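So this one's entry25.cif, mmCIF, C-alpha atoms:
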```cif
data_work
#
loop_
_atom_site.label_atom_id
_atom_site.label_comp_id
_atom_site.auth_asym_id
_atom_site.auth_seq_id
_atom_site.Cartn_x
_atom_site.Cartn_y
_atom_site.Cartn_z
CA ASP U 23 133.87 73.01 103.97
CA ILE U 24 132.51 75.54 106.42
CA ARG U 25 135.50 77.13 108.08
CA GLN U 26 135.68 77.72 111.83
CA GLY U 27 138.87 79.59 112.64
CA LYS U 28 141.69 77.52 111.12
CA LYS U 29 139.80 74.25 111.41
CA LYS U 30 137.64 72.80 108.67
CA THR U 31 134.52 70.74 109.13
CA ARG U 32 133.81 68.38 106.26
CA ILE U 33 130.21 68.71 105.03
CA PRO U 34 128.74 65.71 103.14
CA MET U 35 127.03 66.73 99.90
CA VAL U 36 123.46 65.55 99.34
CA LEU U 37 122.87 65.49 95.60
CA CYS U 38 119.23 64.44 95.15
CA GLY U 39 117.87 67.58 93.55
CA LEU U 40 119.94 69.79 95.83
CA VAL U 41 122.88 70.70 93.60
CA HIS U 42 121.68 74.29 93.34
CA PHE U 43 122.14 74.73 97.10
CA ALA U 44 125.91 74.45 96.64
CA ARG U 45 126.17 76.94 93.78
CA SER U 46 127.30 80.50 94.28
CA ALA U 47 124.94 82.88 92.53
CA SER U 48 127.76 85.36 92.05
CA ARG U 49 129.73 82.94 89.90
CA ILE U 50 127.15 80.93 87.93
CA PRO U 51 125.09 82.70 85.24
CA ARG U 52 121.39 81.92 85.16
CA ALA U 53 119.26 81.75 82.06
CA ALA U 54 116.53 84.34 81.56
CA PRO U 55 113.71 81.72 81.72
CA LEU U 56 114.97 80.57 85.13
CA ARG U 57 115.10 84.13 86.42
CA HIS U 58 111.53 84.63 85.20
CA LEU U 59 110.40 81.46 87.03
CA GLN U 60 112.18 82.52 90.23
CA SER U 61 110.54 85.94 90.06
CA LYS U 62 107.11 84.40 89.46
CA LEU U 63 107.47 81.94 92.35
CA SER U 64 108.56 84.70 94.70
CA ARG U 65 105.72 86.98 93.58
CA ASN U 66 103.13 84.22 93.98
CA PHE U 67 104.44 83.43 97.45
CA SER U 68 104.23 87.09 98.48
CA GLN U 69 100.66 87.31 97.23
CA SER U 70 99.73 84.18 99.18
CA PHE U 71 100.53 86.10 102.37
CA ASP U 72 98.49 89.17 101.50
CA GLY U 73 94.82 89.82 102.27
CA GLU U 74 92.96 87.07 104.11
CA ALA U 75 96.06 84.93 104.52
CA ALA U 76 97.89 87.78 106.25
CA THR U 77 95.04 88.01 108.77
CA LEU U 78 94.88 84.25 109.30
CA PHE U 79 98.65 84.16 109.81
CA GLN U 80 98.13 86.00 113.10
CA SER U 81 97.04 82.64 114.60
CA PHE U 82 100.57 81.37 114.05
CA PHE U 83 102.24 84.68 114.72
CA GLN U 84 100.87 85.13 118.25
CA ASN U 85 102.43 81.78 119.24
CA GLY U 86 105.91 82.79 118.17
CA ALA U 87 107.03 84.75 121.25
CA PRO U 88 109.31 81.98 122.61
CA ALA U 89 111.11 81.77 119.26
CA TRP U 90 111.49 85.57 119.08
CA ALA U 91 113.13 85.56 122.52
CA GLU U 92 115.48 82.74 121.48
CA THR U 93 116.51 84.72 118.41
CA VAL U 94 117.24 87.81 120.51
CA SER U 95 119.50 85.64 122.70
CA ALA U 96 121.19 84.13 119.63
CA VAL U 97 121.92 87.61 118.25
CA ARG U 98 123.22 88.83 121.59
CA ARG U 99 125.66 85.89 121.77
CA VAL U 100 127.34 86.93 118.52
CA ASN U 101 127.05 90.72 118.86
CA ALA U 102 126.19 92.43 122.13
CA SER U 103 125.60 95.84 120.52
CA PRO U 104 124.88 95.73 116.80
CA SER U 105 124.37 99.12 115.18
CA THR U 106 122.35 97.88 112.20
CA ILE U 107 119.96 94.91 111.97
CA ILE U 108 117.71 93.88 109.10
CA ASP U 109 115.02 91.29 109.76
CA ILE U 110 114.00 89.75 106.43
CA ALA U 111 110.77 87.76 105.93
CA SER U 112 109.62 89.48 109.12
CA GLY U 113 105.91 88.92 108.54
CA PRO U 114 103.86 91.08 110.95
CA GLY U 115 107.05 92.37 112.55
CA GLU U 116 108.87 89.68 114.47
CA PRO U 117 111.50 89.16 115.60
CA ALA U 118 112.10 92.74 114.40
CA CYS U 119 110.05 94.32 117.21
CA SER U 120 111.69 92.10 119.85
CA LEU U 121 115.13 92.97 118.48
CA SER U 122 114.20 96.66 118.54
CA GLU U 123 113.35 96.41 122.24
CA ALA U 124 116.43 94.35 123.11
CA PHE U 125 118.80 96.68 121.23
CA PRO U 126 117.29 100.17 121.65
CA THR U 127 120.36 101.94 120.24
CA SER U 128 120.35 99.79 117.09
CA SER U 129 118.72 100.70 113.80
CA VAL U 130 116.31 97.84 113.01
CA ILE U 131 114.86 97.39 109.53
CA CYS U 132 111.71 95.27 109.31
CA SER U 133 111.47 93.78 105.82
CA ASP U 134 109.03 91.44 104.10
CA SER U 135 107.98 90.74 100.52
CA SER U 136 104.27 91.16 101.38
CA PRO U 137 103.06 94.78 101.59
CA ASP U 138 100.18 93.70 103.86
CA MET U 139 102.61 92.07 106.28
CA VAL U 140 104.81 95.18 106.32
CA GLU U 141 101.80 97.36 107.17
CA MET U 142 100.87 94.99 110.01
CA ALA U 143 104.45 95.23 111.26
CA ARG U 144 104.33 99.03 111.11
CA THR U 145 101.12 99.04 113.14
CA ARG U 146 102.60 96.62 115.68
CA SER U 147 105.70 98.80 116.04
CA GLU U 148 103.58 101.91 116.64
CA GLN U 149 101.48 100.10 119.24
CA LEU U 150 104.64 98.98 121.05
CA GLY U 151 106.18 102.45 120.84
CA ARG U 152 109.28 101.40 118.93
CA SER U 153 111.22 104.43 117.70
CA ASN U 154 114.29 102.73 116.23
CA MET U 155 112.53 100.79 113.45
CA THR U 156 112.06 101.41 109.74
CA PHE U 157 110.07 99.32 107.25
CA SER U 158 110.63 98.10 103.74
CA VAL U 159 109.00 95.78 101.19
CA ASP U 160 111.88 93.60 99.99
CA ASN U 161 112.38 90.21 98.43
CA MET U 162 115.19 88.28 100.13
CA ASN U 163 116.53 87.38 96.69
CA ASP U 164 116.92 91.07 95.86
CA LEU U 165 118.23 93.25 98.67
CA SER U 166 119.49 95.90 96.25
CA THR U 167 117.89 98.57 98.47
CA TYR U 168 120.88 98.09 100.76
CA GLY U 169 124.54 98.77 100.07
CA ASP U 170 127.40 96.30 100.32
CA GLY U 171 128.75 95.67 103.81
CA THR U 172 126.21 97.86 105.62
CA LYS U 173 124.54 95.52 108.17
CA ASP U 174 125.86 93.97 111.38
CA ILE U 175 123.08 91.39 111.66
CA VAL U 176 120.61 89.81 109.25
CA THR U 177 117.83 87.73 110.83
CA ALA U 178 115.34 85.44 109.08
CA GLN U 179 112.87 83.64 111.34
CA PHE U 180 111.34 80.72 109.39
CA GLY U 181 112.02 82.54 106.12
CA LEU U 182 114.97 81.04 104.24
CA MET U 183 112.90 78.00 103.18
CA PHE U 184 110.70 80.23 101.03
CA SER U 185 113.39 81.59 98.75
CA PRO U 186 112.89 80.36 95.16
CA ASP U 187 116.68 80.20 94.86
CA LEU U 188 118.53 79.81 98.14
CA SER U 189 121.97 80.48 96.66
CA ILE U 190 120.85 83.93 95.45
CA ALA U 191 119.29 84.79 98.83
CA LEU U 192 122.44 83.75 100.72
CA SER U 193 124.62 85.67 98.27
CA GLU U 194 122.53 88.80 98.86
CA ILE U 195 122.64 88.37 102.64
CA HIS U 196 126.41 87.86 102.48
CA ARG U 197 126.77 91.00 100.34
CA VAL U 198 124.88 93.34 102.69
CA LEU U 199 126.62 92.09 105.85
CA LYS U 200 129.64 93.89 107.17
CA PRO U 201 132.85 91.87 107.58
CA GLU U 202 132.38 89.85 110.81
CA GLY U 203 128.61 90.39 110.45
CA HIS U 204 126.24 87.52 111.23
CA LEU U 205 123.20 85.80 109.76
CA VAL U 206 120.90 84.42 112.48
CA ALA U 207 118.04 82.37 111.05
CA THR U 208 115.68 79.54 111.92
CA VAL U 209 114.42 76.71 109.71
CA TRP U 210 111.90 73.95 110.29
CA GLN U 211 113.20 70.51 111.13
CA GLU U 212 109.84 68.96 112.04
CA PHE U 213 106.32 70.40 112.14
CA ASP U 214 102.96 68.67 112.66
CA LEU U 215 101.26 71.04 110.21
CA PHE U 216 102.79 69.78 106.98
CA PRO U 217 101.83 66.09 107.25
CA LEU U 218 98.28 67.24 108.05
CA ILE U 219 98.17 69.41 104.93
CA LYS U 220 99.54 66.59 102.79
CA GLU U 221 96.93 64.15 104.10
CA THR U 222 94.16 66.70 103.50
CA MET U 223 95.23 67.45 99.93
CA THR U 224 95.71 63.75 99.15
CA GLU U 225 92.07 63.17 100.09
CA ILE U 226 90.91 66.07 97.91
CA LEU U 227 93.06 65.25 94.87
CA GLY U 228 92.68 61.48 95.12
CA LYS U 229 96.45 61.09 95.08
CA PRO U 230 99.44 62.52 96.96
CA PRO U 231 99.98 66.16 95.98
CA PRO U 232 103.15 67.07 94.08
CA ALA U 233 106.01 68.59 96.03
CA PRO U 234 105.40 72.32 96.38
CA PRO U 235 107.74 74.56 94.34
CA ILE U 236 108.55 76.42 97.56
CA ASN U 237 108.67 73.87 100.38
CA PRO U 238 108.62 74.92 104.08
CA MET U 239 110.54 71.71 104.95
CA SER U 240 113.17 72.07 102.22
CA LEU U 241 115.93 72.91 104.73
CA ALA U 242 115.11 70.24 107.33
CA ASP U 243 118.34 68.42 106.43
CA PRO U 244 121.21 70.53 107.80
CA ASP U 245 123.91 69.17 105.49
CA PRO U 246 122.82 70.67 102.15
CA LEU U 247 122.05 73.97 103.88
CA ASP U 248 125.54 74.04 105.40
CA ALA U 249 126.96 73.33 101.94
CA ALA U 250 125.01 76.30 100.55
CA LEU U 251 126.22 78.54 103.38
CA ALA U 252 129.82 77.52 102.70
CA ALA U 253 129.39 78.18 98.98
CA ALA U 254 128.11 81.67 99.80
CA GLY U 255 131.24 82.36 101.85
CA PHE U 256 129.98 81.99 105.42
CA GLU U 257 131.71 80.51 108.48
CA ILE U 258 129.83 78.77 111.27
CA ALA U 259 129.36 80.69 114.52
CA GLU U 260 128.22 80.01 118.07
CA GLY U 261 124.75 78.52 118.23
CA HIS U 262 124.73 77.04 114.73
CA ARG U 263 122.55 73.90 114.43
CA GLU U 264 121.05 74.44 117.90
CA VAL U 265 117.60 72.81 118.02
CA LYS U 266 114.48 74.13 119.80
CA ASP U 267 110.93 72.88 120.38
CA ILE U 268 107.84 75.02 119.91
CA THR U 269 104.07 74.49 120.28
CA PHE U 270 101.43 76.50 118.44
CA ASN U 271 98.05 76.77 120.15
CA MET U 272 95.77 77.61 117.24
CA GLY U 273 92.73 78.18 119.43
CA PRO U 274 89.53 76.26 120.26
CA SER U 275 88.89 73.29 118.00
CA THR U 276 85.34 74.61 117.65
CA ASP U 277 86.62 77.73 115.88
CA GLU U 278 86.87 77.25 112.11
CA LYS U 279 89.58 79.94 111.91
CA ALA U 280 91.97 77.62 113.79
CA TYR U 281 91.75 75.15 110.91
CA LYS U 282 91.63 77.69 108.10
CA ALA U 283 94.90 79.19 109.32
CA CYS U 284 96.45 75.75 108.89
CA LEU U 285 95.46 75.82 105.22
CA ILE U 286 97.41 79.02 104.43
CA PRO U 287 100.06 77.17 102.36
CA VAL U 288 97.40 75.64 100.08
CA LEU U 289 94.73 78.36 100.06
CA PRO U 290 95.85 79.69 96.64
CA LYS U 291 95.56 76.18 95.15
CA LEU U 292 92.15 75.57 96.73
CA LYS U 293 90.85 78.91 95.44
CA GLU U 294 92.19 78.10 91.98
CA MET U 295 90.37 74.74 92.06
CA GLN U 296 87.15 76.48 93.06
CA GLU U 297 87.41 78.96 90.20
CA GLU U 298 87.97 76.15 87.71
CA SER U 299 85.25 73.87 89.08
CA GLU U 300 82.31 73.46 86.69
CA GLU U 301 80.13 72.30 89.60
CA ASN U 302 81.10 75.33 91.74
CA GLU U 303 82.45 72.96 94.37
CA ASP U 304 83.64 74.65 97.56
CA PHE U 305 87.08 73.10 97.91
CA ILE U 306 88.00 75.25 100.91
CA ALA U 307 84.99 73.96 102.87
CA LYS U 308 85.85 70.43 101.76
CA ALA U 309 89.45 70.84 102.91
CA LEU U 310 88.32 72.22 106.26
CA GLY U 311 86.07 69.21 106.81
CA ILE U 312 88.87 66.77 106.01
CA LEU U 313 91.40 68.65 108.12
CA LYS U 314 89.14 68.53 111.17
CA ILE U 315 89.12 64.73 110.89
CA VAL U 316 92.84 64.18 110.23
CA ALA U 317 93.84 66.69 112.95
CA ALA U 318 91.71 65.05 115.65
CA LYS U 319 94.83 63.73 117.37
CA GLN U 320 96.12 67.31 117.70
CA ILE U 321 93.29 68.37 120.02
CA SER U 322 94.47 69.00 123.57
CA LYS U 323 92.61 67.99 126.73
CA GLN U 324 91.48 71.60 126.95
CA GLY U 325 89.90 71.32 123.50
CA ASP U 326 92.43 73.45 121.62
CA LEU U 327 94.07 72.64 118.29
CA GLN U 328 97.80 72.36 119.00
CA LEU U 329 100.68 71.87 116.57
CA SER U 330 104.16 70.91 117.71
CA GLY U 331 107.36 71.65 115.88
CA VAL U 332 111.14 71.45 116.04
CA TYR U 333 113.25 74.22 114.54
CA ARG U 334 116.97 74.65 114.05
CA TYR U 335 119.20 77.70 114.26
CA VAL U 336 121.43 78.87 111.45
CA VAL U 337 124.15 81.11 112.89
CA VAL U 338 126.97 82.02 110.53
CA LYS U 339 129.28 84.95 109.95
CA LYS U 340 130.88 86.75 107.06
CA PRO U 341 134.66 86.46 107.51
CA GLY U 342 136.43 89.68 108.29
CA ASN U 343 139.33 89.09 105.92
CA GLN U 344 137.28 87.84 102.96
CA ALA U 345 137.32 89.74 99.74
CA ARG U 346 133.99 90.73 98.27
CA ARG U 347 132.46 87.84 96.34
#
```

Would it be possible to restate this file's structure as structure tokens?
Amino acid sequence: DIRQGKKKTRIPMVLCGLVHFARSASRIPRAAPLRHLQSKLSRNFSQSFDGEAATLFQSFFQNGAPAWAETVSAVRRVNASPSTIIDIASGPGEPACSLSEAFPTSSVICSDSSPDMVEMARTRSEQLGRSNMTFSVDNMNDLSTYGDGTKDIVTAQFGLMFSPDLSIALSEIHRVLKPEGHLVATVWQEFDLFPLIKETMTEILGKPPPAPPINPMSLADPDPLDAALAAAGFEIAEGHREVKDITFNMGPSTDEKAYKACLIPVLPKLKEMQEESEENEDFIAKALGILKIVAAKQISKQGDLQLSGVYRYVVVKKPGNQARR
């Protein structure tokens, strides 16, 4: 159950490979090999957003302003004047910078697991003249930099899906929140990009690619996520499960960067294939050629590559009378 006041909302459990969502990391011991795998997955994901990928990500990032504004509104609904906010998985600094502007008396921490992203966020903050922001390289599964019960708000815009163990991430978020503090996050429900990537990789591999170990669409179903939130000790709050549309204009379809940005999730795999190829085959160029064909229906009348998506809000609070878990 996720509790709302004295009422209880029954949450159906979805068991197909999702049992770990309902576990509380604070109560279930994890074997050392599993911890090693989680650490490796998280490290690999962070590295995939460094360097060239961090630069390419700007194509997505610059389209995110409507979502940043929605998150500011969602935070304001649950806390009109938070004193401390931490934005995890902030990428190049959003919605951290928008939150900093909306709540100028708040202390806003901009956090991401990629050092390159954090440096981009720092630069963005300086350009915008934000004086109430600090920056930190943190993994959402290890927020040990921060003390128990020290944050009013934790935000995670399109970030929770990338945790190698969601139960640990939610447990950490719950730990750092003050009693009555809120988590405000967004997760993908639908996004044109991922079917395009799957079709491209199927053509390259000659068969459908395996499910990625860290899947951007893993939280599209709200029920198992709500079960995980309940297991971590959260209650639902105003705005939970609210759905929004968003469109990403990736730029002119004649610009190769528009397509290469779409390949960010599979660039590490494509580079690995190139390194292992005895014929020195350029798999990135091959993927770009295929993607241009399969994405033809995404070209607007103006000639731009556009991707549509639907995202969902996660708005929950840490109960004020709950003992530390």

Expand the PyMOL selection byres ((chain U and resi 103) around 10) into the explicit residue set it covers here, and present it as a VMD selection string. chain U and resid 97 to 98 100 to 102 104 to 106 124 to 128 174

For stretch 337-341 of chain U, please output as a ChimeraX atom specification all residues within 10 Å (counting only C-alpha atoms; exclusion window: fewer than 3 positions along the same chain). /U:24-27,96-97,100,171,174-177,195-208,248,251-252,254-264,334,344-345

Please identify all polymer residues within 9 Å of stretch 77-81 of chain U, counting all atoms listed in the file, omitting same-chain residues fewer than 4 positions from it, and present them as a ChimeraX atom specification. /U:71-73,85,113-114,139,270-273,279-280,282-284,286

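The two atoms in question, atom CA of U:Asp277 and atom CA of U:Ile226, are spaced 21.8 Å apart.
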
Might you spell out which residues the PyMOL selection byres ((chain U and resi 161) around 8) would select in the displayed file, as a count of residues only? 9

Mind telling me what the PyMOL selection byres ((chain U and resi 314) around 10) catches here, as a PDB file with C-alpha atoms, in the frame of the given file?
```
ATOM      1  CA  LEU U 218      98.280  67.240 108.050  1.00  0.00           C
ATOM      2  CA  THR U 222      94.160  66.700 103.500  1.00  0.00           C
ATOM      3  CA  SER U 275      88.890  73.290 118.000  1.00  0.00           C
ATOM      4  CA  THR U 276      85.340  74.610 117.650  1.00  0.00           C
ATOM      5  CA  GLU U 278      86.870  77.250 112.110  1.00  0.00           C
ATOM      6  CA  ALA U 280      91.970  77.620 113.790  1.00  0.00           C
ATOM      7  CA  TYR U 281      91.750  75.150 110.910  1.00  0.00           C
ATOM      8  CA  LYS U 282      91.630  77.690 108.100  1.00  0.00           C
ATOM      9  CA  ALA U 309      89.450  70.840 102.910  1.00  0.00           C
ATOM     10  CA  LEU U 310      88.320  72.220 106.260  1.00  0.00           C
ATOM     11  CA  GLY U 311      86.070  69.210 106.810  1.00  0.00           C
ATOM     12  CA  ILE U 312      88.870  66.770 106.010  1.00  0.00           C
ATOM     13  CA  LEU U 313      91.400  68.650 108.120  1.00  0.00           C
ATOM     14  CA  ILE U 315      89.120  64.730 110.890  1.00  0.00           C
ATOM     15  CA  VAL U 316      92.840  64.180 110.230  1.00  0.00           C
ATOM     16  CA  ALA U 317      93.840  66.690 112.950  1.00  0.00           C
ATOM     17  CA  ALA U 318      91.710  65.050 115.650  1.00  0.00           C
ATOM     18  CA  LYS U 319      94.830  63.730 117.370  1.00  0.00           C
ATOM     19  CA  GLN U 320      96.120  67.310 117.700  1.00  0.00           C
ATOM     20  CA  ILE U 321      93.290  68.370 120.020  1.00  0.00           C
ATOM     21  CA  LEU U 327      94.070  72.640 118.290  1.00  0.00           C
TER      22      LEU U 327
END
```

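Atom pair atom CA of U:Ala307 / atom CA of U:Phe83 has a distance of 23.5 Å (rounded to one decimal).
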
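For the pair atom CA of U:Ala91 and atom CA of U:Ser120, the separation is 7.2 Å.
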
Across U:Asp109, U:Glu194, U:Asp245, U:Glu116, the smallest distance to U:Arg146, with all atoms listed in the file counted, is shown by U:Glu116

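Take the candidates U:Ala118, U:Leu188, U:Cys132, U:Ala111 and check each one against U:Ala87 using all atoms listed in the file; the shortest distance goes to U:Ala118.
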
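Checking U:Met223, U:Leu292, U:Met239, U:Leu182 one by one against U:Phe305, counting all atoms listed in the file, you find the shortest gap at U:Leu292.
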
Restricting to all atoms listed in the file, whichever of U:Leu247, U:Met142, U:Val288, U:Val209 is closest to U:Leu192 is U:Leu247

Would you kindly return, as a ChimeraX atom specification, each protein, DNA or RNA residue with an atom no farther than 9 Å from any atom of U:Leu215, considering only C-alpha atoms and excluding same-chain residues fewer than 6 positions away? /U:284,329-331

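Shortest separation to U:Gln84 among U:Glu148, U:Gly115, U:Pro246, U:Ile110 occurs at residue U:Gly115, atoms counted being only C-alpha atoms.
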
Given only C-alpha atoms as the counted atoms, nearest of U:Glu141, U:Asp304, U:Glu92, U:Asp170 to U:Ser158: U:Glu141

Just add N, CA, C and O atoms to stretch 108-132 of chain U and send it as a PDB file, in the coordinates of the input.
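Resulting contents of selection.pdb:
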```pdb
ATOM      1  N   ILE U 108     118.847  94.005 110.012  1.00  0.00           N
ATOM      2  CA  ILE U 108     117.710  93.880 109.100  1.00  0.00           C
ATOM      3  C   ILE U 108     117.083  92.513 109.302  1.00  0.00           C
ATOM      4  O   ILE U 108     117.757  91.488 109.263  1.00  0.00           O
ATOM      5  N   ASP U 109     115.783  92.517 109.583  1.00  0.00           N
ATOM      6  CA  ASP U 109     115.020  91.290 109.760  1.00  0.00           C
ATOM      7  C   ASP U 109     114.240  91.036 108.479  1.00  0.00           C
ATOM      8  O   ASP U 109     113.271  91.750 108.182  1.00  0.00           O
ATOM      9  N   ILE U 110     114.672  90.047 107.686  1.00  0.00           N
ATOM     10  CA  ILE U 110     114.000  89.750 106.430  1.00  0.00           C
ATOM     11  C   ILE U 110     112.923  88.686 106.650  1.00  0.00           C
ATOM     12  O   ILE U 110     112.983  87.931 107.610  1.00  0.00           O
ATOM     13  N   ALA U 111     111.922  88.668 105.774  1.00  0.00           N
ATOM     14  CA  ALA U 111     110.770  87.760 105.930  1.00  0.00           C
ATOM     15  C   ALA U 111     110.170  87.920 107.318  1.00  0.00           C
ATOM     16  O   ALA U 111     109.822  86.948 107.988  1.00  0.00           O
ATOM     17  N   SER U 112     110.018  89.169 107.746  1.00  0.00           N
ATOM     18  CA  SER U 112     109.620  89.480 109.120  1.00  0.00           C
ATOM     19  C   SER U 112     108.136  89.271 109.385  1.00  0.00           C
ATOM     20  O   SER U 112     107.712  89.269 110.543  1.00  0.00           O
ATOM     21  N   GLY U 113     107.341  89.091 108.323  1.00  0.00           N
ATOM     22  CA  GLY U 113     105.910  88.920 108.540  1.00  0.00           C
ATOM     23  C   GLY U 113     105.321  90.140 109.227  1.00  0.00           C
ATOM     24  O   GLY U 113     105.663  91.273 108.894  1.00  0.00           O
ATOM     25  N   PRO U 114     104.472  89.945 110.247  1.00  0.00           N
ATOM     26  CA  PRO U 114     103.860  91.080 110.950  1.00  0.00           C
ATOM     27  C   PRO U 114     104.800  91.770 111.936  1.00  0.00           C
ATOM     28  O   PRO U 114     104.343  92.469 112.838  1.00  0.00           O
ATOM     29  N   GLY U 115     106.116  91.556 111.766  1.00  0.00           N
ATOM     30  CA  GLY U 115     107.050  92.370 112.550  1.00  0.00           C
ATOM     31  C   GLY U 115     107.855  91.672 113.617  1.00  0.00           C
ATOM     32  O   GLY U 115     108.349  92.311 114.546  1.00  0.00           O
ATOM     33  N   GLU U 116     108.041  90.377 113.499  1.00  0.00           N
ATOM     34  CA  GLU U 116     108.870  89.680 114.470  1.00  0.00           C
ATOM     35  C   GLU U 116     109.820  88.705 113.769  1.00  0.00           C
ATOM     36  O   GLU U 116     109.455  88.117 112.750  1.00  0.00           O
ATOM     37  N   PRO U 117     111.029  88.621 114.316  1.00  0.00           N
ATOM     38  CA  PRO U 117     111.500  89.160 115.600  1.00  0.00           C
ATOM     39  C   PRO U 117     111.963  90.615 115.569  1.00  0.00           C
ATOM     40  O   PRO U 117     112.629  91.069 116.502  1.00  0.00           O
ATOM     41  N   ALA U 118     111.621  91.366 114.504  1.00  0.00           N
ATOM     42  CA  ALA U 118     112.100  92.740 114.400  1.00  0.00           C
ATOM     43  C   ALA U 118     111.743  93.583 115.619  1.00  0.00           C
ATOM     44  O   ALA U 118     112.590  94.298 116.171  1.00  0.00           O
ATOM     45  N   CYS U 119     110.469  93.507 116.063  1.00  0.00           N
ATOM     46  CA  CYS U 119     110.050  94.320 117.210  1.00  0.00           C
ATOM     47  C   CYS U 119     110.770  93.896 118.491  1.00  0.00           C
ATOM     48  O   CYS U 119     111.149  94.738 119.320  1.00  0.00           O
ATOM     49  N   SER U 120     110.967  92.581 118.671  1.00  0.00           N
ATOM     50  CA  SER U 120     111.690  92.100 119.850  1.00  0.00           C
ATOM     51  C   SER U 120     113.147  92.538 119.819  1.00  0.00           C
ATOM     52  O   SER U 120     113.727  92.914 120.849  1.00  0.00           O
ATOM     53  N   LEU U 121     113.748  92.520 118.634  1.00  0.00           N
ATOM     54  CA  LEU U 121     115.130  92.970 118.480  1.00  0.00           C
ATOM     55  C   LEU U 121     115.228  94.475 118.750  1.00  0.00           C
ATOM     56  O   LEU U 121     116.189  94.957 119.368  1.00  0.00           O
ATOM     57  N   SER U 122     114.228  95.211 118.310  1.00  0.00           N
ATOM     58  CA  SER U 122     114.200  96.660 118.540  1.00  0.00           C
ATOM     59  C   SER U 122     114.176  96.980 120.025  1.00  0.00           C
ATOM     60  O   SER U 122     114.849  97.908 120.487  1.00  0.00           O
ATOM     61  N   GLU U 123     113.410  96.188 120.790  1.00  0.00           N
ATOM     62  CA  GLU U 123     113.350  96.410 122.240  1.00  0.00           C
ATOM     63  C   GLU U 123     114.653  95.990 122.914  1.00  0.00           C
ATOM     64  O   GLU U 123     115.159  96.682 123.815  1.00  0.00           O
ATOM     65  N   ALA U 124     115.218  94.864 122.478  1.00  0.00           N
ATOM     66  CA  ALA U 124     116.430  94.350 123.110  1.00  0.00           C
ATOM     67  C   ALA U 124     117.658  95.212 122.821  1.00  0.00           C
ATOM     68  O   ALA U 124     118.578  95.293 123.640  1.00  0.00           O
ATOM     69  N   PHE U 125     117.656  95.857 121.637  1.00  0.00           N
ATOM     70  CA  PHE U 125     118.800  96.680 121.230  1.00  0.00           C
ATOM     71  C   PHE U 125     118.296  98.088 120.877  1.00  0.00           C
ATOM     72  O   PHE U 125     118.225  98.462 119.696  1.00  0.00           O
ATOM     73  N   PRO U 126     117.938  98.874 121.891  1.00  0.00           N
ATOM     74  CA  PRO U 126     117.290 100.170 121.650  1.00  0.00           C
ATOM     75  C   PRO U 126     118.167 101.190 120.933  1.00  0.00           C
ATOM     76  O   PRO U 126     117.639 102.151 120.360  1.00  0.00           O
ATOM     77  N   THR U 127     119.487 101.001 120.946  1.00  0.00           N
ATOM     78  CA  THR U 127     120.360 101.940 120.240  1.00  0.00           C
ATOM     79  C   THR U 127     120.661 101.476 118.816  1.00  0.00           C
ATOM     80  O   THR U 127     121.367 102.166 118.076  1.00  0.00           O
ATOM     81  N   SER U 128     120.134 100.318 118.439  1.00  0.00           N
ATOM     82  CA  SER U 128     120.350  99.790 117.090  1.00  0.00           C
ATOM     83  C   SER U 128     119.301 100.329 116.126  1.00  0.00           C
ATOM     84  O   SER U 128     118.174 100.641 116.523  1.00  0.00           O
ATOM     85  N   SER U 129     119.680 100.406 114.858  1.00  0.00           N
ATOM     86  CA  SER U 129     118.720 100.700 113.800  1.00  0.00           C
ATOM     87  C   SER U 129     118.209  99.366 113.264  1.00  0.00           C
ATOM     88  O   SER U 129     118.988  98.556 112.764  1.00  0.00           O
ATOM     89  N   VAL U 130     116.896  99.121 113.398  1.00  0.00           N
ATOM     90  CA  VAL U 130     116.310  97.840 113.010  1.00  0.00           C
ATOM     91  C   VAL U 130     115.390  98.047 111.807  1.00  0.00           C
ATOM     92  O   VAL U 130     114.439  98.818 111.882  1.00  0.00           O
ATOM     93  N   ILE U 131     115.696  97.341 110.731  1.00  0.00           N
ATOM     94  CA  ILE U 131     114.860  97.390 109.530  1.00  0.00           C
ATOM     95  C   ILE U 131     113.974  96.151 109.507  1.00  0.00           C
ATOM     96  O   ILE U 131     114.464  95.032 109.594  1.00  0.00           O
ATOM     97  N   CYS U 132     112.685  96.358 109.406  1.00  0.00           N
ATOM     98  CA  CYS U 132     111.710  95.270 109.310  1.00  0.00           C
ATOM     99  C   CYS U 132     111.320  95.118 107.848  1.00  0.00           C
ATOM    100  O   CYS U 132     110.750  96.040 107.249  1.00  0.00           O
TER     101      CYS U 132
END
```
